[in-house]
file target07.cif (mmCIF, C-alpha atoms)
data_run
loop_
_atom_site.label_atom_id
_atom_site.label_comp_id
_atom_site.auth_asym_id
_atom_site.auth_seq_id
_atom_site.Cartn_x
_atom_site.Cartn_y
_atom_site.Cartn_z
CA MET C 1 -15.54 8.57 -121.11
CA ASP C 2 -15.29 11.96 -122.74
CA ASP C 3 -16.49 13.57 -125.98
CA LEU C 4 -13.68 12.01 -128.04
CA ASP C 5 -14.56 8.51 -126.79
CA THR C 6 -18.22 9.12 -127.58
CA GLU C 7 -17.38 10.38 -131.05
CA LEU C 8 -15.15 7.36 -131.72
CA LEU C 9 -17.83 4.93 -130.55
CA SER C 10 -20.42 6.59 -132.74
CA ALA C 11 -18.19 6.38 -135.81
CA LEU C 12 -17.28 2.75 -135.10
CA ARG C 13 -20.96 1.82 -134.66
CA HIS C 14 -21.62 3.22 -138.10
CA ASN C 15 -18.56 1.57 -139.70
CA ALA C 16 -16.47 -0.86 -137.63
CA ARG C 17 -13.88 -0.99 -140.44
CA ILE C 18 -13.12 2.73 -140.51
CA SER C 19 -9.39 3.32 -140.39
CA VAL C 20 -7.59 4.97 -137.50
CA SER C 21 -6.41 7.64 -139.97
CA SER C 22 -10.00 8.40 -140.99
CA LEU C 23 -11.08 8.53 -137.35
CA ALA C 24 -8.22 10.91 -136.58
CA ALA C 25 -9.18 13.19 -139.47
CA MET C 26 -12.84 13.08 -138.45
CA THR C 27 -12.18 13.92 -134.80
CA GLY C 28 -9.17 16.20 -135.13
CA ALA C 29 -7.13 13.96 -132.81
CA SER C 30 -3.82 12.38 -133.76
CA ARG C 31 -3.66 8.81 -135.06
CA ALA C 32 -1.71 7.79 -131.97
CA THR C 33 -4.37 9.28 -129.68
CA VAL C 34 -7.19 7.57 -131.58
CA ALA C 35 -5.40 4.21 -131.53
CA ALA C 36 -4.68 4.56 -127.80
CA ARG C 37 -8.30 5.50 -127.06
CA ILE C 38 -9.65 2.52 -129.01
CA ASP C 39 -7.20 0.20 -127.23
CA ARG C 40 -8.33 1.63 -123.88
CA LEU C 41 -12.02 1.21 -124.76
CA VAL C 42 -11.36 -2.42 -125.70
CA ALA C 43 -9.26 -3.12 -122.59
CA GLY C 44 -11.87 -1.50 -120.34
CA GLY C 45 -14.70 -3.58 -121.83
CA THR C 46 -16.58 -0.68 -123.41
CA ILE C 47 -15.89 -2.20 -126.83
CA VAL C 48 -16.26 -5.96 -126.70
CA GLY C 49 -15.91 -6.69 -130.39
CA PHE C 50 -15.97 -5.41 -133.93
CA THR C 51 -18.44 -6.88 -136.38
CA ILE C 52 -20.28 -6.46 -139.62
CA ARG C 53 -23.97 -6.57 -140.48
CA THR C 54 -25.13 -7.91 -143.80
CA GLY C 55 -28.32 -7.14 -145.61
CA HIS C 56 -28.94 -10.89 -145.61
CA GLU C 57 -29.34 -10.89 -141.81
CA THR C 58 -32.29 -8.52 -141.93
CA ARG C 59 -33.94 -10.37 -144.81
CA SER C 60 -33.26 -13.98 -143.77
CA ALA C 61 -36.21 -14.37 -141.42
CA GLY C 62 -39.66 -14.32 -142.90
CA VAL C 63 -41.11 -12.96 -139.66
CA ARG C 64 -39.39 -10.87 -137.02
CA ALA C 65 -41.22 -9.78 -133.90
CA ILE C 66 -40.96 -8.35 -130.43
CA VAL C 67 -42.86 -10.28 -127.76
CA MET C 68 -43.50 -8.77 -124.34
CA ILE C 69 -43.93 -11.37 -121.61
CA GLU C 70 -45.47 -11.13 -118.14
CA VAL C 71 -44.37 -13.79 -115.64
CA LEU C 72 -46.30 -15.08 -112.63
CA GLY C 73 -44.71 -14.80 -109.19
CA LYS C 74 -41.12 -15.87 -108.75
CA LEU C 75 -40.80 -18.02 -111.86
CA ALA C 76 -38.76 -15.55 -113.91
CA ASP C 77 -35.49 -17.54 -113.84
CA ARG C 78 -37.24 -20.74 -114.91
CA VAL C 79 -39.15 -18.95 -117.67
CA ALA C 80 -35.98 -17.20 -118.90
CA ASP C 81 -34.13 -20.54 -119.11
CA GLN C 82 -36.91 -22.02 -121.25
CA LEU C 83 -37.12 -18.97 -123.49
CA ARG C 84 -33.35 -18.97 -124.05
CA GLY C 85 -33.69 -22.59 -125.19
CA LEU C 86 -35.94 -21.68 -128.12
CA PRO C 87 -33.91 -21.16 -131.31
CA GLN C 88 -36.40 -18.56 -132.53
CA VAL C 89 -35.55 -16.30 -129.57
CA ARG C 90 -32.66 -14.18 -130.88
CA ALA C 91 -32.42 -11.96 -127.79
CA LEU C 92 -34.09 -11.88 -124.39
CA HIS C 93 -34.21 -8.74 -122.26
CA SER C 94 -35.45 -8.38 -118.70
CA THR C 95 -37.31 -5.15 -118.07
CA ASN C 96 -39.38 -3.26 -115.55
CA GLY C 97 -43.03 -2.25 -115.63
CA LYS C 98 -45.86 -4.52 -116.72
CA TRP C 99 -43.67 -6.76 -118.87
CA ASP C 100 -40.98 -8.87 -117.22
CA PHE C 101 -39.25 -9.85 -120.48
CA VAL C 102 -38.99 -8.60 -124.03
CA ALA C 103 -38.04 -11.32 -126.51
CA GLU C 104 -36.82 -10.68 -130.04
CA LEU C 105 -38.05 -13.51 -132.28
CA GLU C 106 -37.24 -14.62 -135.80
CA ASP C 107 -39.19 -17.30 -137.63
CA ARG C 108 -39.42 -18.52 -141.21
CA ASP C 109 -43.11 -17.71 -141.82
CA LEU C 110 -46.37 -16.75 -140.08
CA ALA C 111 -47.41 -20.36 -139.44
CA SER C 112 -44.09 -21.09 -137.72
CA PHE C 113 -44.32 -17.84 -135.79
CA ASP C 114 -47.82 -18.79 -134.61
CA GLU C 115 -46.47 -22.15 -133.39
CA THR C 116 -43.57 -20.45 -131.60
CA LEU C 117 -46.01 -18.09 -129.85
CA ARG C 118 -48.14 -21.09 -128.84
CA ARG C 119 -45.08 -22.80 -127.36
CA ILE C 120 -44.11 -19.64 -125.48
CA ARG C 121 -47.61 -19.22 -124.05
CA LEU C 122 -47.54 -22.83 -122.80
CA ILE C 123 -44.41 -22.24 -120.68
CA ASN C 124 -45.36 -22.65 -117.04
CA GLY C 125 -45.17 -19.26 -115.34
CA ILE C 126 -46.06 -17.07 -118.29
CA ASN C 127 -49.15 -15.06 -117.46
CA SER C 128 -49.60 -13.04 -120.65
CA THR C 129 -47.85 -11.94 -123.83
CA GLU C 130 -48.16 -9.16 -126.37
CA SER C 131 -46.62 -9.50 -129.81
CA ASN C 132 -45.59 -6.91 -132.37
CA ILE C 133 -44.41 -8.03 -135.80
CA LEU C 134 -41.57 -5.91 -137.16
CA LEU C 135 -42.39 -4.69 -140.65
CA LYS C 136 -39.33 -2.68 -141.70
CA THR C 137 -35.96 -1.90 -140.16
CA SER C 138 -34.46 1.46 -141.00
CA LYS C 139 -31.58 1.49 -138.51
CA THR C 140 -29.65 -1.23 -136.72
CA GLY C 141 -27.09 -0.90 -133.96
CA PHE C 142 -26.92 1.72 -131.25
#

call {"tool": "encode", "arguments": {"input": "target07.cif", "output": "structure tokens"}}
result
Amino acid sequence: MDDLDTELLSALRHNARISVSSLAAMTGASRATVAARIDRLVAGGTIVGFTIRTGHETRSAGVRAIVMIEVLGKLADRVADQLRGLPQVRALHSTNGKWDFVAELEDRDLASFDETLRRIRLINGINSTESNILLKTSKTGF
């Protein structure tokens, strides 16, 4: 991956629908080079899809939160399976340090969120959790 690839990825993260011609003009590369680079990034697995984000997605959940989870002993696989089964868990990340998992949650309201947290805390193997409700999102994507 070189500077051109990085520049293309950055532009595509911002606007997945940007034309090859616009990318070529932006980067100073030819349209053929840009098209070939994008094809190579897709074939190599660096780009796994093109998508859109709607404003509705960030407003649809009444409560969005990050929950850090500490697991007892060697129960991480079992805990992860149960967490993945909860529809409110939109993403689950394993991590290092004090917290074994970081879960991204979405729920319809605070009462439902409280119930989801209660269910998570009752999962056998979870030692402790820390929750942070997300108030405002100013940037999405990478």

call {"tool": "closest_residue", "arguments": {"input": "target07.cif", "among": "C:Thr137, C:Thr129, C:Asn124, C:Thr6", "to": "Gly73 (chain C)", "atoms": "only C-alpha atoms"}}
result
C:Asn124

call {"tool": "resolve_selection", "arguments": {"input": "target07.cif", "expression": "the PyMOL selection byres ((chain C and resi 69) around 12)", "output": "VMD selection string"}}
result
chain C and resid 66 to 68 70 to 72 76 79 to 80 83 92 to 104 117 120 to 121 123 125 to 132

call {"tool": "residues_around", "arguments": {"input": "target07.cif", "residues": "Leu23 (chain C)", "least_positions_apart": "3", "cutoff": "10 Å", "atoms": "all atoms listed in the file", "output": "PDB file with C-alpha atoms, keeping the file's coordinate frame"}}
result
ATOM      1  CA  GLU C   7     -17.380  10.380-131.050  1.00  0.00           C
ATOM      2  CA  LEU C   8     -15.150   7.360-131.720  1.00  0.00           C
ATOM      3  CA  ALA C  11     -18.190   6.380-135.810  1.00  0.00           C
ATOM      4  CA  LEU C  12     -17.280   2.750-135.100  1.00  0.00           C
ATOM      5  CA  ILE C  18     -13.120   2.730-140.510  1.00  0.00           C
ATOM      6  CA  SER C  19      -9.390   3.320-140.390  1.00  0.00           C
ATOM      7  CA  VAL C  20      -7.590   4.970-137.500  1.00  0.00           C
ATOM      8  CA  MET C  26     -12.840  13.080-138.450  1.00  0.00           C
ATOM      9  CA  THR C  27     -12.180  13.920-134.800  1.00  0.00           C
ATOM     10  CA  GLY C  28      -9.170  16.200-135.130  1.00  0.00           C
ATOM     11  CA  ALA C  29      -7.130  13.960-132.810  1.00  0.00           C
ATOM     12  CA  SER C  30      -3.820  12.380-133.760  1.00  0.00           C
ATOM     13  CA  ARG C  31      -3.660   8.810-135.060  1.00  0.00           C
ATOM     14  CA  VAL C  34      -7.190   7.570-131.580  1.00  0.00           C
ATOM     15  CA  ALA C  35      -5.400   4.210-131.530  1.00  0.00           C
TER      16      ALA C  35
END

call {"tool": "resolve_selection", "arguments": {"input": "target07.cif", "expression": "the PyMOL selection byres ((chain C and resi 88) around 9)", "output": "PyMOL selection string"}}
result
chain C and resi 85-87+89-90+104-107+113+116

call {"tool": "resolve_selection", "arguments": {"input": "target07.cif", "expression": "the PyMOL selection byres ((chain C and resi 135) around 9)", "output": "ChimeraX atom specification"}}
result
/C:63-65,133-134,136-137

call {"tool": "closest_residue", "arguments": {"input": "target07.cif", "among": "C:Arg37, C:Arg118, C:Lys74, C:His14", "to": "Asp2 (chain C)", "atoms": "all atoms listed in the file"}}
result
C:Arg37

call {"tool": "atom_distance", "arguments": {"input": "target07.cif", "atom1": "CA of Arg108 (chain C)", "atom2": "CA of Arg13 (chain C)"}}
result
28.2 Å

call {"tool": "closest_residue", "arguments": {"input": "target07.cif", "among": "C:Thr33, C:Ser138, C:Gln82, C:Thr51", "to": "Ala16 (chain C)", "atoms": "only C-alpha atoms"}}
result
C:Thr51

call {"tool": "axis_aligned_box", "arguments": {"input": "target07.cif", "around": "region 6-16 of chain C", "padding_each_side": "3 Å", "output": "lines of an AutoDock Vina configuration file"}}
result
center_x = -18.4
center_y = 4.8
center_z = -133.6
size_x = 12.5
size_y = 17.2
size_z = 18.1

call {"tool": "atom_distance", "arguments": {"input": "target07.cif", "atom1": "CA of Phe50 (chain C)", "atom2": "CA of Leu9 (chain C)"}}
result
11.0 Å

call {"tool": "atom_distance", "arguments": {"input": "target07.cif", "atom1": "CA of Asp109 (chain C)", "atom2": "CA of Gly62 (chain C)"}}
result
5.0 Å

call {"tool": "decode", "arguments": {"input": "target07.cif", "residues": "region 28-48 of chain C", "atoms": "N, CA, C and O atoms", "output": "PDB file, in the first residue's frame"}}
result
ATOM      1  N   GLY C  28      -4.369  13.147  -9.137  1.00  0.00           N
ATOM      2  CA  GLY C  28      -3.395  13.406 -10.189  1.00  0.00           C
ATOM      3  C   GLY C  28      -3.002  12.154 -10.957  1.00  0.00           C
ATOM      4  O   GLY C  28      -2.129  12.197 -11.823  1.00  0.00           O
ATOM      5  N   ALA C  29      -3.630  11.032 -10.663  1.00  0.00           N
ATOM      6  CA  ALA C  29      -3.368   9.781 -11.383  1.00  0.00           C
ATOM      7  C   ALA C  29      -4.357   9.664 -12.544  1.00  0.00           C
ATOM      8  O   ALA C  29      -5.384  10.342 -12.578  1.00  0.00           O
ATOM      9  N   SER C  30      -4.047   8.798 -13.485  1.00  0.00           N
ATOM     10  CA  SER C  30      -4.958   8.592 -14.605  1.00  0.00           C
ATOM     11  C   SER C  30      -6.170   7.787 -14.157  1.00  0.00           C
ATOM     12  O   SER C  30      -6.131   7.087 -13.145  1.00  0.00           O
ATOM     13  N   ARG C  31      -7.264   7.896 -14.935  1.00  0.00           N
ATOM     14  CA  ARG C  31      -8.462   7.109 -14.613  1.00  0.00           C
ATOM     15  C   ARG C  31      -8.162   5.623 -14.650  1.00  0.00           C
ATOM     16  O   ARG C  31      -8.633   4.872 -13.801  1.00  0.00           O
ATOM     17  N   ALA C  32      -7.359   5.191 -15.594  1.00  0.00           N
ATOM     18  CA  ALA C  32      -7.017   3.762 -15.695  1.00  0.00           C
ATOM     19  C   ALA C  32      -6.243   3.305 -14.460  1.00  0.00           C
ATOM     20  O   ALA C  32      -6.484   2.212 -13.928  1.00  0.00           O
ATOM     21  N   THR C  33      -5.318   4.133 -13.992  1.00  0.00           N
ATOM     22  CA  THR C  33      -4.540   3.788 -12.793  1.00  0.00           C
ATOM     23  C   THR C  33      -5.442   3.705 -11.568  1.00  0.00           C
ATOM     24  O   THR C  33      -5.356   2.764 -10.778  1.00  0.00           O
ATOM     25  N   VAL C  34      -6.341   4.686 -11.421  1.00  0.00           N
ATOM     26  CA  VAL C  34      -7.259   4.684 -10.277  1.00  0.00           C
ATOM     27  C   VAL C  34      -8.149   3.451 -10.314  1.00  0.00           C
ATOM     28  O   VAL C  34      -8.324   2.765  -9.299  1.00  0.00           O
ATOM     29  N   ALA C  35      -8.714   3.155 -11.467  1.00  0.00           N
ATOM     30  CA  ALA C  35      -9.589   1.980 -11.596  1.00  0.00           C
ATOM     31  C   ALA C  35      -8.829   0.697 -11.269  1.00  0.00           C
ATOM     32  O   ALA C  35      -9.337  -0.181 -10.558  1.00  0.00           O
ATOM     33  N   ALA C  36      -7.599   0.592 -11.771  1.00  0.00           N
ATOM     34  CA  ALA C  36      -6.789  -0.598 -11.503  1.00  0.00           C
ATOM     35  C   ALA C  36      -6.453  -0.705 -10.017  1.00  0.00           C
ATOM     36  O   ALA C  36      -6.464  -1.809  -9.446  1.00  0.00           O
ATOM     37  N   ARG C  37      -6.147   0.402  -9.386  1.00  0.00           N
ATOM     38  CA  ARG C  37      -5.820   0.391  -7.949  1.00  0.00           C
ATOM     39  C   ARG C  37      -7.033  -0.036  -7.125  1.00  0.00           C
ATOM     40  O   ARG C  37      -6.922  -0.829  -6.200  1.00  0.00           O
ATOM     41  N   ILE C  38      -8.199   0.494  -7.451  1.00  0.00           N
ATOM     42  CA  ILE C  38      -9.406   0.121  -6.719  1.00  0.00           C
ATOM     43  C   ILE C  38      -9.688  -1.366  -6.915  1.00  0.00           C
ATOM     44  O   ILE C  38      -9.990  -2.082  -5.953  1.00  0.00           O
ATOM     45  N   ASP C  39      -9.572  -1.844  -8.145  1.00  0.00           N
ATOM     46  CA  ASP C  39      -9.776  -3.279  -8.409  1.00  0.00           C
ATOM     47  C   ASP C  39      -8.798  -4.128  -7.597  1.00  0.00           C
ATOM     48  O   ASP C  39      -9.165  -5.165  -7.055  1.00  0.00           O
ATOM     49  N   ARG C  40      -7.548  -3.681  -7.507  1.00  0.00           N
ATOM     50  CA  ARG C  40      -6.535  -4.416  -6.746  1.00  0.00           C
ATOM     51  C   ARG C  40      -6.851  -4.403  -5.247  1.00  0.00           C
ATOM     52  O   ARG C  40      -6.704  -5.413  -4.563  1.00  0.00           O
ATOM     53  N   LEU C  41      -7.315  -3.265  -4.733  1.00  0.00           N
ATOM     54  CA  LEU C  41      -7.672  -3.171  -3.321  1.00  0.00           C
ATOM     55  C   LEU C  41      -8.869  -4.065  -2.987  1.00  0.00           C
ATOM     56  O   LEU C  41      -8.927  -4.657  -1.913  1.00  0.00           O
ATOM     57  N   VAL C  42      -9.791  -4.178  -3.926  1.00  0.00           N
ATOM     58  CA  VAL C  42     -10.941  -5.081  -3.728  1.00  0.00           C
ATOM     59  C   VAL C  42     -10.478  -6.532  -3.795  1.00  0.00           C
ATOM     60  O   VAL C  42     -10.792  -7.339  -2.919  1.00  0.00           O
ATOM     61  N   ALA C  43      -9.705  -6.870  -4.819  1.00  0.00           N
ATOM     62  CA  ALA C  43      -9.235  -8.259  -4.985  1.00  0.00           C
ATOM     63  C   ALA C  43      -8.361  -8.709  -3.821  1.00  0.00           C
ATOM     64  O   ALA C  43      -8.416  -9.870  -3.404  1.00  0.00           O
ATOM     65  N   GLY C  44      -7.578  -7.792  -3.272  1.00  0.00           N
ATOM     66  CA  GLY C  44      -6.690  -8.128  -2.158  1.00  0.00           C
ATOM     67  C   GLY C  44      -7.379  -8.134  -0.797  1.00  0.00           C
ATOM     68  O   GLY C  44      -6.763  -8.457   0.213  1.00  0.00           O
ATOM     69  N   GLY C  45      -8.654  -7.748  -0.757  1.00  0.00           N
ATOM     70  CA  GLY C  45      -9.399  -7.772   0.501  1.00  0.00           C
ATOM     71  C   GLY C  45      -9.263  -6.526   1.353  1.00  0.00           C
ATOM     72  O   GLY C  45      -9.813  -6.459   2.452  1.00  0.00           O
ATOM     73  N   THR C  46      -8.538  -5.513   0.865  1.00  0.00           N
ATOM     74  CA  THR C  46      -8.438  -4.262   1.620  1.00  0.00           C
ATOM     75  C   THR C  46      -9.788  -3.553   1.619  1.00  0.00           C
ATOM     76  O   THR C  46     -10.225  -3.041   2.644  1.00  0.00           O
ATOM     77  N   ILE C  47     -10.447  -3.535   0.472  1.00  0.00           N
ATOM     78  CA  ILE C  47     -11.815  -3.027   0.375  1.00  0.00           C
ATOM     79  C   ILE C  47     -12.718  -4.252   0.280  1.00  0.00           C
ATOM     80  O   ILE C  47     -12.574  -5.065  -0.631  1.00  0.00           O
ATOM     81  N   VAL C  48     -13.633  -4.365   1.238  1.00  0.00           N
ATOM     82  CA  VAL C  48     -14.526  -5.526   1.223  1.00  0.00           C
ATOM     83  C   VAL C  48     -15.944  -5.155   0.828  1.00  0.00           C
ATOM     84  O   VAL C  48     -16.804  -6.027   0.732  1.00  0.00           O
TER      85      VAL C  48
END
